[in-house]
>>> print(open('data_20.cif').read())   # mmCIF, C-alpha atoms
data_structure
loop_
_atom_site.label_atom_id
_atom_site.label_comp_id
_atom_site.auth_asym_id
_atom_site.auth_seq_id
_atom_site.Cartn_x
_atom_site.Cartn_y
_atom_site.Cartn_z
CA MET O 141 26.71 -17.48 -0.67
CA SER O 142 27.97 -20.05 1.76
CA SER O 143 26.17 -23.29 2.42
CA ALA O 144 24.91 -24.86 5.62
CA ALA O 145 22.50 -27.53 6.71
CA PRO O 146 18.91 -26.52 5.97
CA ARG O 147 16.64 -25.28 8.74
CA THR O 148 14.39 -28.25 9.32
CA THR O 149 11.74 -29.22 11.80
CA GLY O 150 10.86 -32.52 10.21
CA GLN O 151 9.39 -32.91 6.76
CA ASP O 152 6.11 -34.23 8.11
CA HIS O 153 5.52 -31.43 10.62
CA LEU O 154 2.47 -29.37 9.70
CA TRP O 155 2.94 -25.83 10.94
CA SER O 156 0.03 -23.69 12.03
CA VAL O 157 -0.32 -20.14 10.71
CA ASP O 158 0.43 -18.81 14.20
CA GLU O 159 3.56 -20.95 14.63
CA HIS O 160 4.99 -19.85 11.30
CA LEU O 161 4.29 -16.17 12.02
CA GLU O 162 5.71 -16.46 15.54
CA ASP O 163 8.93 -17.94 14.15
CA ILE O 164 9.25 -15.10 11.64
CA LEU O 165 8.65 -12.34 14.19
CA ALA O 166 11.02 -13.97 16.69
CA THR O 167 13.78 -13.90 14.06
CA VAL O 168 13.27 -10.52 12.38
CA ARG O 169 14.68 -7.57 14.32
CA PRO O 170 14.07 -3.82 13.89
CA LEU O 171 16.68 -2.07 11.77
CA GLU O 172 19.35 -0.01 13.50
CA PRO O 173 18.49 3.71 13.90
CA ILE O 174 20.12 6.31 11.69
CA GLU O 175 20.02 10.12 11.45
CA LEU O 176 18.17 11.34 8.36
CA GLN O 177 17.25 14.63 6.76
CA LEU O 178 13.58 15.43 7.22
CA LEU O 179 12.31 14.55 3.77
CA ASP O 180 14.38 11.36 3.73
CA ALA O 181 12.72 10.38 7.02
CA GLN O 182 9.19 10.39 5.60
CA GLY O 183 7.49 7.10 6.41
CA CYS O 184 10.11 6.20 9.02
CA VAL O 185 9.59 5.59 12.74
CA LEU O 186 11.04 7.88 15.40
CA VAL O 187 13.30 6.16 17.92
CA GLU O 188 13.35 8.97 20.50
CA ASP O 189 11.07 11.66 21.85
CA VAL O 190 11.47 15.07 20.23
CA THR O 191 11.40 18.06 22.60
CA VAL O 192 10.44 21.55 21.47
CA PRO O 193 13.48 23.86 21.64
CA VAL O 194 11.56 27.05 20.83
CA SER O 195 7.92 27.95 21.40
CA LEU O 196 5.47 28.06 18.50
CA PRO O 197 4.74 30.69 17.60
CA PRO O 198 8.00 32.16 18.95
CA PHE O 199 6.40 35.60 19.43
CA ASP O 200 2.96 37.23 19.59
CA ASN O 201 1.84 37.76 16.00
CA SER O 202 -1.16 38.88 14.02
CA SER O 203 -3.62 36.38 12.57
CA MET O 204 -5.09 39.05 10.26
CA ASP O 205 -4.10 41.79 7.86
CA GLY O 206 -5.13 44.98 9.60
CA TYR O 207 -3.97 47.53 12.15
CA ALA O 208 -2.22 47.02 15.48
CA VAL O 209 -3.77 49.45 18.01
CA ARG O 210 -4.43 50.11 21.68
CA VAL O 211 -7.78 48.88 23.00
CA ALA O 212 -8.74 52.24 24.53
CA ASP O 213 -8.23 54.05 21.23
CA VAL O 214 -10.94 52.02 19.42
CA ALA O 215 -13.40 51.61 22.31
CA GLY O 216 -16.87 52.68 21.16
CA ALA O 217 -15.84 53.02 17.50
CA SER O 218 -18.69 52.77 14.96
CA GLU O 219 -19.40 53.66 11.35
CA GLU O 220 -21.15 56.80 12.51
CA PHE O 221 -18.40 57.74 14.95
CA PRO O 222 -15.19 56.06 13.79
CA ALA O 223 -11.94 56.19 15.72
CA VAL O 224 -9.35 58.18 13.76
CA LEU O 225 -5.76 57.09 14.39
CA ASP O 226 -2.36 58.19 13.09
CA VAL O 227 -0.66 55.46 11.04
CA VAL O 228 2.99 55.25 12.07
CA GLY O 229 4.14 52.68 9.49
CA ASP O 230 4.04 49.04 8.45
CA VAL O 231 4.85 45.87 10.36
CA ALA O 232 5.53 43.03 7.93
CA ALA O 233 6.21 39.34 8.56
CA GLY O 234 9.92 38.81 9.09
CA GLN O 235 10.53 42.43 10.01
CA ALA O 236 13.36 42.76 12.53
CA GLU O 237 12.89 46.32 13.82
CA LEU O 238 9.46 47.00 15.28
CA LEU O 239 7.57 50.27 15.50
CA HIS O 240 6.17 51.48 18.80
CA VAL O 241 2.44 52.14 18.91
CA GLY O 242 1.57 54.98 21.26
CA PRO O 243 -1.79 56.52 22.27
CA GLY O 244 -3.86 57.54 19.25
CA GLN O 245 -1.61 55.59 16.90
CA ALA O 246 -1.90 52.50 14.70
CA ALA O 247 0.58 50.37 12.76
CA ARG O 248 -0.51 48.65 9.58
CA ILE O 249 0.24 44.96 10.23
CA MET O 250 0.36 41.88 8.04
CA THR O 251 -0.64 38.31 8.87
CA GLY O 252 2.18 36.59 10.77
CA ALA O 253 3.95 39.82 11.65
CA PRO O 254 4.98 40.35 15.29
CA LEU O 255 2.69 42.48 17.43
CA PRO O 256 4.60 45.75 17.90
CA PRO O 257 5.37 47.17 21.36
CA GLY O 258 2.55 49.28 22.74
CA ALA O 259 -0.15 47.57 20.67
CA GLU O 260 -2.73 45.47 22.51
CA THR O 261 -4.95 44.14 19.76
CA VAL O 262 -5.41 43.91 15.99
CA VAL O 263 -8.28 45.42 14.02
CA PRO O 264 -8.93 43.60 10.70
CA VAL O 265 -8.54 45.84 7.67
CA GLU O 266 -12.20 45.14 6.77
CA TRP O 267 -13.20 47.10 9.90
CA THR O 268 -11.41 50.19 8.57
CA ASP O 269 -11.22 52.49 5.58
CA GLY O 270 -7.68 51.26 4.84
CA GLY O 271 -6.47 54.86 5.16
CA LEU O 272 -8.36 55.88 2.04
CA GLY O 273 -11.14 57.86 3.73
CA GLU O 274 -13.83 56.24 1.58
CA GLY O 275 -15.62 53.92 4.03
CA PRO O 276 -14.97 50.23 4.83
CA VAL O 277 -12.60 48.39 2.49
CA THR O 278 -12.21 44.71 1.64
CA GLY O 279 -8.42 44.59 1.71
CA MET O 280 -5.17 46.47 1.58
CA ARG O 281 -3.59 47.85 -1.54
CA ALA O 282 -0.16 46.42 -2.32
CA ARG O 283 2.57 48.55 -0.78
CA ALA O 284 4.29 48.84 -4.15
CA GLN O 285 1.13 50.41 -5.60
CA SER O 286 0.24 52.52 -2.60
CA PRO O 287 3.25 53.26 -0.36
CA GLU O 288 1.36 56.15 1.22
CA GLY O 289 -0.97 53.62 2.86
CA ALA O 290 1.61 53.10 5.60
CA GLU O 291 1.18 56.66 6.85
CA GLY O 292 -1.50 59.29 7.34
CA HIS O 293 -4.76 58.39 9.12
CA VAL O 294 -7.02 55.37 9.33
CA HIS O 295 -10.70 55.32 10.31
CA VAL O 296 -11.69 52.35 12.50
CA TYR O 297 -15.41 51.45 12.51
CA ARG O 298 -15.54 48.73 15.18
CA PRO O 299 -13.97 48.23 18.63
CA ALA O 300 -11.67 45.28 19.38
CA GLU O 301 -11.07 43.44 22.62
CA ALA O 302 -7.61 42.95 24.06
CA ARG O 303 -5.55 40.30 22.22
CA ALA O 304 -8.16 39.95 19.47
CA HIS O 305 -6.70 38.42 16.30
CA VAL O 306 -3.39 37.83 18.07
CA ARG O 307 -1.67 34.46 18.10
CA ALA O 308 -0.02 34.24 21.49
CA LYS O 309 3.58 33.09 21.87
CA GLY O 310 3.61 29.37 22.67
CA SER O 311 -0.11 28.92 21.91
CA ASP O 312 0.77 25.96 19.62
CA VAL O 313 3.57 24.34 21.63
CA LYS O 314 5.85 25.71 24.34
CA ALA O 315 9.60 25.29 24.67
CA GLY O 316 10.25 22.12 26.64
CA ASP O 317 7.04 20.40 25.50
CA ARG O 318 7.25 16.97 23.86
CA ALA O 319 6.52 17.52 20.19
CA LEU O 320 6.52 13.86 19.05
CA GLU O 321 6.85 10.55 20.86
CA ALA O 322 9.21 7.71 20.00
CA GLY O 323 7.35 5.25 17.79
CA THR O 324 5.64 7.95 15.73
CA VAL O 325 5.51 7.32 11.98
CA LEU O 326 6.62 10.48 10.22
CA GLY O 327 4.06 11.72 7.72
CA PRO O 328 3.71 15.21 6.20
CA PRO O 329 2.17 16.85 9.34
CA GLN O 330 4.90 15.43 11.59
CA ILE O 331 7.63 16.57 9.21
CA ALA O 332 6.03 20.03 9.14
CA LEU O 333 6.15 20.19 12.94
CA LEU O 334 9.79 19.11 13.03
CA ALA O 335 10.70 21.79 10.51
CA ALA O 336 8.68 24.41 12.41
CA ILE O 337 10.65 23.78 15.61
CA GLY O 338 13.94 23.96 13.75
CA ARG O 339 14.85 20.28 13.43
CA GLY O 340 16.63 19.60 10.14
CA THR O 341 17.43 15.97 10.92
CA VAL O 342 15.83 13.30 13.05
CA ARG O 343 16.83 9.89 14.41
CA VAL O 344 14.67 7.10 12.98
CA ARG O 345 14.64 3.48 11.95
CA PRO O 346 14.98 3.53 8.15
CA ARG O 347 12.37 2.11 5.84
CA PRO O 348 13.30 -1.51 5.07
CA ARG O 349 14.67 -2.32 1.63
CA VAL O 350 12.71 -5.26 0.25
CA VAL O 351 13.72 -7.15 -2.89
CA VAL O 352 10.87 -9.03 -4.58
CA MET O 353 11.42 -11.63 -7.28
CA SER O 354 9.17 -14.17 -8.95
CA THR O 355 10.38 -17.43 -10.45
CA GLY O 356 9.22 -19.49 -13.38
CA SER O 357 10.31 -19.96 -16.99
CA GLU O 358 6.69 -19.52 -18.05
CA LEU O 359 6.59 -15.90 -16.87
CA VAL O 360 6.63 -13.02 -19.33
CA GLN O 361 6.82 -9.34 -18.50
CA PRO O 362 3.81 -7.11 -19.27
CA ASP O 363 3.85 -5.54 -22.75
CA GLU O 364 5.75 -8.52 -24.16
CA GLN O 365 4.22 -11.08 -26.52
CA LEU O 366 2.92 -14.27 -24.91
CA GLY O 367 4.09 -17.58 -26.34
CA ASN O 368 2.56 -21.02 -25.94
CA GLY O 369 2.26 -21.99 -22.28
CA GLN O 370 3.34 -18.55 -21.04
CA ILE O 371 1.62 -16.15 -18.65
CA TYR O 372 2.31 -12.60 -17.54
CA ASP O 373 4.22 -12.07 -14.31
CA SER O 374 1.78 -10.40 -11.93
CA ASN O 375 3.15 -11.63 -8.59
CA SER O 376 6.28 -9.51 -8.55
CA PHE O 377 4.23 -6.41 -9.31
CA ALA O 378 1.60 -7.22 -6.67
CA LEU O 379 4.11 -7.97 -3.93
CA THR O 380 6.36 -5.00 -4.73
CA ALA O 381 3.34 -2.72 -4.52
CA ALA O 382 2.24 -4.43 -1.30
CA ALA O 383 5.71 -3.97 0.21
CA ARG O 384 5.62 -0.26 -0.59
CA ASP O 385 2.13 -0.04 0.87
CA ALA O 386 3.49 -1.61 4.06
CA GLY O 387 6.14 1.14 4.32
CA ALA O 388 9.14 -0.43 2.62
CA ILE O 389 11.43 0.73 -0.15
CA ALA O 390 10.77 -2.12 -2.56
CA TYR O 391 12.72 -3.29 -5.61
CA ARG O 392 11.19 -5.61 -8.19
CA VAL O 393 13.43 -8.11 -9.96
CA GLY O 394 12.16 -9.52 -13.24
CA ALA O 395 11.10 -13.16 -13.29
CA VAL O 396 13.96 -15.64 -12.87
CA ALA O 397 13.94 -18.78 -15.02
CA ASP O 398 13.67 -22.28 -13.51
CA ASP O 399 17.38 -22.74 -12.96
CA ALA O 400 18.77 -23.15 -9.44
CA GLU O 401 22.21 -21.69 -10.15
CA THR O 402 20.74 -18.63 -11.87
CA LEU O 403 18.41 -18.06 -8.95
CA ARG O 404 21.22 -18.35 -6.39
CA ASP O 405 23.35 -15.89 -8.34
CA THR O 406 20.44 -13.45 -8.70
CA ILE O 407 19.68 -13.50 -4.99
CA GLU O 408 23.37 -13.08 -4.14
CA ASP O 409 23.55 -10.02 -6.41
CA GLN O 410 20.50 -8.49 -4.71
CA LEU O 411 21.67 -8.91 -1.10
CA VAL O 412 23.68 -5.69 -1.24
CA ARG O 413 20.43 -3.69 -1.32
CA ALA O 414 18.15 -5.96 0.73
CA ASP O 415 17.01 -5.95 4.34
CA LEU O 416 14.47 -8.60 3.34
CA VAL O 417 14.15 -10.85 0.30
CA VAL O 418 10.79 -12.16 -0.91
CA THR O 419 10.50 -14.83 -3.58
CA THR O 420 7.33 -16.21 -5.11
CA GLY O 421 6.96 -19.56 -6.80
CA GLY O 422 9.01 -22.75 -6.75
CA VAL O 423 8.34 -23.83 -3.15
CA SER O 424 6.09 -26.85 -3.68
CA VAL O 425 7.03 -30.46 -4.48
CA GLY O 426 7.30 -30.34 -8.28
CA ALA O 427 10.39 -31.29 -10.30
CA TYR O 428 10.85 -27.65 -11.37
CA ASP O 429 10.38 -25.96 -8.00
CA VAL O 430 13.79 -24.28 -8.15
CA VAL O 431 13.47 -22.00 -5.12
CA LYS O 432 13.34 -25.07 -2.91
CA GLU O 433 16.19 -26.65 -4.85
CA ALA O 434 18.36 -23.52 -4.83
CA LEU O 435 17.83 -22.42 -1.24
CA SER O 436 17.42 -25.59 0.82
CA TYR O 437 21.16 -25.51 1.52
CA VAL O 438 21.81 -21.80 1.27
CA GLY O 439 22.59 -20.09 4.56
CA ASP O 440 25.40 -18.88 6.75
CA GLU O 441 27.68 -21.56 8.07
CA ASP O 442 28.78 -19.28 10.92
CA GLU O 443 25.34 -19.41 12.55
CA ALA O 444 23.72 -22.62 13.72
CA GLY O 445 20.33 -23.04 12.18
CA GLY O 446 21.05 -20.74 9.23
CA GLY O 447 19.48 -21.44 5.86
CA ILE O 448 15.95 -21.70 4.58
CA ASP O 449 13.37 -24.07 6.04
CA PHE O 450 10.61 -25.15 3.66
CA ARG O 451 7.38 -25.97 5.44
CA LYS O 452 3.83 -27.10 5.02
CA LEU O 453 1.27 -24.91 6.76
CA ALA O 454 -2.23 -25.81 7.86
CA MET O 455 -3.78 -23.07 5.74
CA GLN O 456 -5.53 -22.52 2.44
CA PRO O 457 -4.36 -20.92 0.23
CA GLY O 458 -0.63 -20.90 0.93
CA LYS O 459 0.26 -24.35 2.24
CA PRO O 460 3.91 -24.39 1.01
CA GLN O 461 6.09 -21.70 2.63
CA GLY O 462 9.78 -21.07 3.17
CA PHE O 463 11.56 -18.93 5.75
CA GLY O 464 15.11 -18.38 6.95
CA SER O 465 18.15 -16.16 6.53
CA ILE O 466 20.83 -15.95 3.86
CA GLY O 467 24.19 -14.33 3.28
CA PRO O 468 26.81 -12.88 5.63
CA ASP O 469 24.35 -10.40 7.16
CA HIS O 470 21.73 -13.07 7.85
CA THR O 471 19.24 -11.31 5.59
CA PRO O 472 15.72 -12.69 6.20
CA LEU O 473 14.10 -14.43 3.23
CA LEU O 474 10.48 -15.43 2.86
CA ALA O 475 9.65 -17.84 0.04
CA LEU O 476 5.99 -17.67 -0.94
CA PRO O 477 3.87 -19.90 -3.21
CA GLY O 478 3.53 -18.99 -6.87
CA ASN O 479 -0.25 -18.91 -7.29
CA PRO O 480 -1.30 -15.24 -7.26
CA VAL O 481 -3.86 -15.45 -4.47
CA SER O 482 -1.64 -17.73 -2.38
CA SER O 483 1.29 -15.33 -2.67
CA TYR O 484 -0.78 -12.27 -1.83
CA VAL O 485 -2.51 -13.85 1.16
CA SER O 486 0.87 -15.09 2.35
CA PHE O 487 2.29 -11.60 2.00
CA GLU O 488 -0.47 -10.09 4.11
CA LEU O 489 -0.15 -12.74 6.84
CA PHE O 490 3.64 -13.07 7.02
CA VAL O 491 5.63 -10.55 4.95
CA ARG O 492 3.76 -7.40 5.94
CA PRO O 493 4.25 -8.07 9.68
CA ALA O 494 7.95 -8.73 9.00
CA ILE O 495 8.31 -5.40 7.19
CA ARG O 496 6.52 -3.55 9.98
CA THR O 497 8.76 -5.26 12.53
CA LEU O 498 11.87 -4.14 10.63
CA MET O 499 10.48 -0.59 10.78
CA GLY O 500 10.23 -0.80 14.57
CA LEU O 501 6.46 -0.52 14.77
CA GLU O 502 4.62 -2.01 17.73
CA ASP O 503 1.41 -2.87 15.87
CA VAL O 504 2.49 -4.89 12.85
CA HIS O 505 -0.78 -6.54 11.85
CA ARG O 506 -3.71 -5.55 9.69
CA PRO O 507 -6.78 -4.61 11.74
CA ARG O 508 -9.31 -7.36 12.38
CA THR O 509 -12.99 -7.28 13.18
CA THR O 510 -16.03 -9.54 13.12
CA ALA O 511 -18.74 -9.34 10.48
CA LYS O 512 -21.94 -11.11 9.50
CA LEU O 513 -21.44 -13.42 6.54
CA THR O 514 -23.61 -12.47 3.58
CA ALA O 515 -23.70 -15.31 1.05
CA GLY O 516 -26.16 -17.30 -1.03
CA LYS O 517 -25.04 -20.61 0.44
CA ALA O 518 -22.83 -22.02 3.17
CA LEU O 519 -19.07 -21.72 2.80
CA THR O 520 -17.10 -24.95 2.94
CA SER O 521 -13.57 -25.26 4.29
CA PRO O 522 -11.12 -28.18 4.40
CA LYS O 523 -10.82 -29.85 7.80
CA GLY O 524 -7.66 -28.98 9.68
CA ARG O 525 -6.85 -25.92 7.51
CA ARG O 526 -7.32 -22.26 8.35
CA GLN O 527 -8.92 -20.86 5.24
CA PHE O 528 -8.66 -17.26 4.04
CA LEU O 529 -11.34 -16.29 1.54
CA ARG O 530 -11.49 -13.00 -0.31
CA GLY O 531 -14.38 -10.75 0.62
CA MET O 532 -15.91 -7.30 0.44
CA TYR O 533 -16.60 -5.68 3.82
CA ALA O 534 -19.16 -2.95 4.46
CA GLU O 535 -21.18 -1.83 7.49
CA GLY O 536 -20.55 -4.90 9.60
CA ALA O 537 -21.17 -7.44 6.84
CA VAL O 538 -18.80 -9.33 4.56
CA THR O 539 -19.57 -10.95 1.20
CA PRO O 540 -17.30 -13.55 -0.45
CA VAL O 541 -15.69 -12.53 -3.74
CA GLY O 542 -14.88 -15.27 -6.24
CA GLY O 543 -14.23 -18.87 -5.32
CA ALA O 544 -11.56 -20.61 -3.30
CA GLY O 545 -9.19 -21.06 -6.25
CA SER O 546 -5.71 -19.65 -5.66
CA HIS O 547 -5.40 -18.42 -9.27
CA LEU O 548 -8.37 -16.01 -9.23
CA VAL O 549 -6.62 -12.65 -9.64
CA ALA O 550 -9.73 -10.80 -10.82
CA ALA O 551 -11.62 -11.70 -7.65
CA LEU O 552 -8.67 -10.57 -5.55
CA ALA O 553 -8.72 -7.18 -7.24
CA HIS O 554 -12.26 -6.58 -5.94
CA ALA O 555 -11.60 -7.77 -2.37
CA ASP O 556 -10.86 -5.50 0.57
CA ALA O 557 -10.93 -8.15 3.29
CA LEU O 558 -10.03 -11.74 4.10
CA ILE O 559 -12.68 -13.98 5.65
CA VAL O 560 -11.05 -16.30 8.20
CA VAL O 561 -12.46 -19.79 8.63
CA PRO O 562 -10.81 -21.61 11.59
CA GLU O 563 -9.15 -25.01 11.31
CA ASP O 564 -11.94 -26.80 13.18
CA VAL O 565 -14.77 -25.38 11.04
CA GLU O 566 -15.83 -27.14 7.83
CA SER O 567 -18.98 -25.15 7.01
CA VAL O 568 -20.08 -21.57 7.67
CA GLU O 569 -23.75 -20.73 7.22
CA PRO O 570 -24.95 -17.34 5.94
CA GLY O 571 -25.63 -14.95 8.83
CA THR O 572 -22.80 -16.39 10.95
CA GLU O 573 -20.38 -13.97 12.62
CA VAL O 574 -16.93 -14.49 11.12
CA GLU O 575 -13.49 -13.00 11.71
CA VAL O 576 -12.35 -10.58 9.02
CA VAL O 577 -8.91 -9.19 8.19
CA LEU O 578 -9.31 -5.68 6.74
CA LEU O 579 -6.94 -5.05 3.84
CA GLY O 580 -7.74 -1.44 2.99
#
>>> encode(input="data_20.cif", output="structure tokens")
Amino acid sequence: MSSAAPRTTGQDHLWSVDEHLEDILATVRPLEPIELQLLDAQGCVLVEDVTVPVSLPPFDNSSMDGYAVRVADVAGASEEFPAVLDVVGDVAAGQAELLHVGPGQAARIMTGAPLPPGAETVVPVEWTDGGLGEGPVTGMRARAQSPEGAEGHVHVYRPAEARAHVRAKGSDVKAGDRALEAGTVLGPPQIALLAAIGRGTVRVRPRPRVVVMSTGSELVQPDEQLGNGQIYDSNSFALTAAARDAGAIAYRVGAVADDAETLRDTIEDQLVRADLVVTTGGVSVGAYDVVKEALSYVGDEDEAGGGIDFRKLAMQPGKPQGFGSIGPDHTPLLALPGNPVSSYVSFELFVRPAIRTLMGLEDVHRPRTTAKLTAGKALTSPKGRRQFLRGMYAEGAVTPVGGAGSHLVAALAHADALIVVPEDVESVEPGTEVEVVLLG
């Protein structure tokens, strides 16, 4: 890593939540498009409209197992006076050569098979005797067990209108139609459509690669034995999962000890697989806040303003934050606080929008709504800070979960919303309409 002057705006400047987010989104740019195989493109965003090259279905085909016939030949058919037709053979799905159905004839047809020339409609097999001469049947016998079923006679007990049980060519989409618009996120149904129209690859913005690492010598990995003064590392797991939930390919790096050189080396090693780096912990004003120590002068000396700027935000939780770019490719880095709730709230407000911006999405934010506050007493909030409290939202009402402490992981696990208390509000009475960020 090369060094440069830190990004600074004055140590005493107190950033608003909106200013910090605006700076992030003004810096982060969507990733360059690439061509990917369909399954590799799952979760990615299309960068161009996709036009249908061939109609779906590409030919008239049967929606039922039954018999392809002429309408006139089954007009007036009933169980008492069935229409008796000569069976000229089978029409199976994928069959290249088609039979011709003439007057008084029928072709046994399978679901998805092309409607043969001369046929005008399809009679379901349940409306016939299946060629067995024993009254209505419930299905066809397998051809391997009853090859004679494809010839002889069939009794039809009900009439059928023209084009009944026929899927018309182009009834799904027609050649030249727009199948998918640029900006579409490719999920399973969209990938199915692309495959159905013959597209094996598609041009998309790739899913961002996000490297998440937590810092702190006190952190121990789950399943290991805790020593005195140690805690389990939950932040890296929470934020890696959150990054994947946002649409990224996320990599978790085990906790890095409180050593600035080790942290710099670890980040440098990870840049090869990172479109975005997220650290948690070490951004406050303590003597062991190594992220601030290690990254304050880490940047790219070729670009003015490179490096990481550590800021104080007018918010609770999450006052200390860091943002900038590192390495030769100007990889964005967001440094989040170490308290579990602070880091998660910070992720939702700042990192998730950055990931969605890298993906090329237009709407990068969680949905917001208003809800009636349900609580046993008024909520208090520090003056001049925008507070984000955990809550449970249901049917237009939101209930606080846990207290305001930024270490309350258990309360966070039960929350599906953030209650927003504006900077100029110090008390919110029960029954008040409040803004809510929906997390689920």
>>> resolve_selection(input="data_20.cif", expression="the PyMOL selection byres ((chain O and resi 160) around 12)", output="NGL selection string")
:O and (149 or 153-159 or 161-167 or 449-455 or 458-464 or 474 or 486 or 489-491 or 493-494)
>>> residues_around(input="data_20.cif", residues="range 328-340 of chain O", least_positions_apart="2", cutoff="9 Å", atoms="all atoms listed in the file", output="list in words")
Leu176, Gln177, Leu178, Leu179, Ala181, Gln182, Gly183, Val190, Val192, Pro193, Val194, Ser195, Leu196, Ala319, Leu320, Thr324, Val325, Leu326 and Val342 of chain O
>>> atom_distance(input="data_20.cif", atom1="CA of Ile466 in chain O", atom2="CA of Glu358 in chain O")
26.3 Å
>>> resolve_selection(input="data_20.cif", expression="the PyMOL selection byres ((chain O and resi 360) around 10)", output="PyMOL selection string")
chain O and resi 356-359+361-367+370-374+394-395
>>> closest_residue(input="data_20.cif", among="O:Pro198, O:Pro346, O:Glu575, O:Gly206", to="Val277 in chain O", atoms="all atoms listed in the file")
O:Gly206
>>> resolve_selection(input="data_20.cif", expression="the PyMOL selection byres ((chain O and resi 302) around 6)", output="compact mmCIF listing (two decimals) with C-alpha atoms, in the coordinates of the input")
# COMPACT_ATOMS: atom_id res chain seq x y z
CA GLU O 260 -2.73 45.47 22.51
CA THR O 261 -4.95 44.14 19.76
CA GLU O 301 -11.07 43.44 22.62
CA ARG O 303 -5.55 40.30 22.22
CA ALA O 304 -8.16 39.95 19.47
>>> residues_around(input="data_20.cif", residues="range 563-567 of chain O", least_positions_apart="3", cutoff="6 Å", atoms="only C-alpha atoms", output="VMD selection string")
chain O and resid 519 to 526
>>> closest_residue(input="data_20.cif", among="O:Gly421, O:Gly234, O:Gly310, O:Gly229", to="Pro197 in chain O", atoms="all atoms listed in the file")
O:Gly310
>>> residues_near_point(input="data_20.cif", point="(-18.2, -12.0, 1.6)", cutoff="8 Å", atoms="only C-alpha atoms", output="mmCIF file with C-alpha atoms, in the coordinates of the input")
data_model
loop_
_atom_site.group_PDB
_atom_site.id
_atom_site.type_symbol
_atom_site.label_atom_id
_atom_site.label_comp_id
_atom_site.auth_asym_id
_atom_site.auth_seq_id
_atom_site.Cartn_x
_atom_site.Cartn_y
_atom_site.Cartn_z
ATOM 1 C CA LEU O 513 -21.440 -13.420 6.540
ATOM 2 C CA THR O 514 -23.610 -12.470 3.580
ATOM 3 C CA ALA O 515 -23.700 -15.310 1.050
ATOM 4 C CA ARG O 530 -11.490 -13.000 -0.310
ATOM 5 C CA GLY O 531 -14.380 -10.750 0.620
ATOM 6 C CA MET O 532 -15.910 -7.300 0.440
ATOM 7 C CA TYR O 533 -16.600 -5.680 3.820
ATOM 8 C CA ALA O 537 -21.170 -7.440 6.840
ATOM 9 C CA VAL O 538 -18.800 -9.330 4.560
ATOM 10 C CA THR O 539 -19.570 -10.950 1.200
ATOM 11 C CA PRO O 540 -17.300 -13.550 -0.450
ATOM 12 C CA VAL O 541 -15.690 -12.530 -3.740
ATOM 13 C CA ILE O 559 -12.680 -13.980 5.650
#
>>> closest_residue(input="data_20.cif", among="O:Glu188, O:Asp399, O:Asp230, O:Asp205", to="Glu266 in chain O", atoms="all atoms listed in the file")
O:Asp205
